[in-house]
Amino acid sequence: MANIEVSPDELALSGGSEFLPKGWELVCGLEVHTELKTKTKLFCGCENVFGAQANTNVCPTCLGLPGSLPVLNERALEIAAMIGLALSAKVQASIFHRKNYFYPDMPKDFQISQYDIPLNADGYLVLPSGKRIGIERAHVEEDTGKITHLGGTSGRIHGAERALIDYNRSGVPLVEIVSRPDIASPEEAREYVSELRSTLVAIGASDGKMEEGSLRVDANVSVRPVGEVPFRTRCEIKNLNSLRSLVRAITFEARRQVDAYLAGEKVTQQTRHWDENVGRTVALRNKEEAEDYRYFPEPDLVPLRPSEEWIEGLRSQLGELPSERRARLVAGLGLSATNDQVETAISVDLYPFVKSALDAGVDPKIAVARCANELASLTPLDPGFEVSWFVEILRMETEGGVSATQAKSMLSEVAKSLISPKDAQEKLGISQLSEDQLTGTVQEVIQQNPAEWGRFINGESQLQGFFVGKIMKVTSGKADGKAVVRILRNLAERG
Ligand SMILES: [Zn+2]
């Protein structure tokens with residue numbers, strides 16, 4: 001089989017469906033594991049926290065010692081159901097199963113998971129592009145311990161001399177979100193994970209930190225000739241821990257499979273590993289089937305039967321989802337749903353500012369622009385930076401009290417010095433002419449230019465710029481452009 005190296009240039013071109021040879025298409029489904037943001041683990045009272053000293057947050061239950069019994073964490077179940085609701089899935093009666101396998105990351109030799117009857121089934125996620133990706137299921141399970149291989153070059157078991165195991169992660173609550181094979185390009189996979197991540201963060205289910213492993217993605221990749229209906233053999237790429245790896249790995253794997261078919265070879269169902277350094281996927285093992293895990297119902301946990309009341313209570317806690325935030329801004333602005341400014345403005349850190357500004361009656365265009373440009377460039381914001389300061393400055397700009405340039409300087413001063421907008425205005429020497437003073441100035445300029453004024457009121461609207469320029473010059477730039485235009489138009493109407 002020919003070597004397929006994926007260069008950055010090629011990747012830049014891989015956004016659409018043309019990253020494969022003509023006549024071939026990608027069929028891709030993603031499994032996203034998200035660690036839930038709970039205080040304690042799924043079946044014991046151990047703390048659920050990232051970065052603690054190894055093996056300090058453990059007990060007989062999460063170490064799988066004989067005689068220990070699981071007790072279900074109610075909050076974890078609530079968050080799991082909220083994920084289902086946010087994905088428009090059906091939250092249903094379900095049970096836990098034991099998934100049996102022998103591996104040091106799971107000391108009791110089975111993982112408690114959900115198998116044929118998951119908590120959430122049959123939902124979907126709408127991407128910013130408008131495409132709907134089906135969600136087959138979102139089920140609850142416990143995380144495994146974390147193994148670190150030492151002595152090798154790749155950090156993998158191959159070539160390693162020793163392995164260290166940290167059971168702090170063992171028993172951390174996870175939800176596995178399984179999409180339908182609706183994803184048709186690497187770029188669409190990136191968009192899906194990004195939107196899912198924003199949704200999980202918005203509802204408080206996850207911190208969404210891929211680099212800390214709280215969001216891990218497996219990609220099921222197959223290819224087929226365009227027009228062929230049955231799915232061909234798929235390979236699963238495990239543990240993609242960044243959006244960049246996701247895009248590169250899917251691109252590489254799909255091309256590898258097409259290459260194999262074109263060479264008359266077969267594709268074997270495999271679990272594969274993405275090697276970020278060399279930019280290729282490598283076979284880990286031939287894929288297990290469900291029967292290899294000898295699933296059976298977990299006898300130490302009762303079946304779950306969520307009531308309508310419980311589900312509706314959780315629905316009311318969801319808040320505004322990223323898709324709803326986007327729709328609200330897009331409607332207010334008349335912008336495209338995939339506009340970059342909108343994407344920045346709905347992000348978890350910045351949206352509270354935009355929302356407060358909109359609620360206070362700020363012009364949506366100003367709210368989104370100041371957030372996506374000025375505020376985003378000031379992140380991470382000092383926790384002392386108050387939302388009300390941002391709103392106040394933008395309200396002054398909306399009402400014409402300060403110009404856009406002045407508003408931008410005030411925002412950066414307020415964020416830097418953590419002083420109120422009024423103090424920042426004083427410190428920067430920003431003074432605005434009162435409406436009366438400004439009207440007087442405008443009238444003077446009109447009197448000095450009677451011919452142009454006559455043409456302006458007779459419909460030569462391009463002369464507006466002429467007057468604004470004159471007035472700005474007279475006031476040394478202290479006048480607010482919008483207020484000047486308003487006064488000009490008022491006077492023109494009166495003749
Ligand atoms: Zn424990």
# chains A, B, ... in the order shown; residues from 1 in each chain; ligands from 1
$ residues_near_ligand --ligand "ligand 1" --cutoff "7 Å" --atoms "only C-alpha atoms and all ligand atoms" --output "list in words"
Lys41, Cys44, Gly45, Cys46, Asn57, Val58, Cys59, Pro60, Thr61, Cys62, Leu63 and Gly171 of chain A
$ residues_around --residues "range 396-410 of chain A" --least-positions-apart "2" --cutoff "8 Å" --atoms "only C-alpha atoms" --output "number ranges by chain"
A: 362-363, 366, 370, 374, 392-394, 412-414, 421, 424-425, 428, 430, 432, 479-483
$ residues_around --residues "range 119-123 of chain A" --least-positions-apart "3" --cutoff "9 Å" --atoms "only C-alpha atoms" --output "ChimeraX atom specification"
/A:77,80-81,83-95,114,133-140,179,304
$ atom_distance --atom1 "CA of Ile183 in chain A" --atom2 "CA of Leu125 in chain A"
11.6 Å
$ closest_atom_pairs --of "range 92-146 of chain A" --to "range 153-169 of chain A" --cutoff "10 Å" --atoms "only C-alpha atoms" --output "CSV"
residue,atom,partner,partner_atom,distance
A:Pro104,CA,A:Ile165,CA,7.8
A:Asp105,CA,A:Ile165,CA,7.0
A:Met106,CA,A:Tyr167,CA,8.6
A:Pro107,CA,A:Tyr167,CA,9.0
A:Glu142,CA,A:Arg169,CA,9.0
A:Asp143,CA,A:Arg169,CA,6.3
A:Thr144,CA,A:Arg169,CA,6.1
A:Gly145,CA,A:Tyr167,CA,4.4
A:Lys146,CA,A:Asp166,CA,5.2
$ atom_distance --atom1 "CA of Ser113 in chain A" --atom2 "CA of Val27 in chain A"
26.6 Å
$ select_by_dssp --residues "range 251-322 of chain A" --states "strand (DSSP E)" --output "list of chain:residue names"
A:Gln270, A:Thr271, A:Arg272, A:His273, A:Trp274, A:Asp275, A:Arg280, A:Thr281, A:Val282, A:Ala283, A:Leu284, A:Arg285, A:Asn286, A:Phe296, A:Pro297
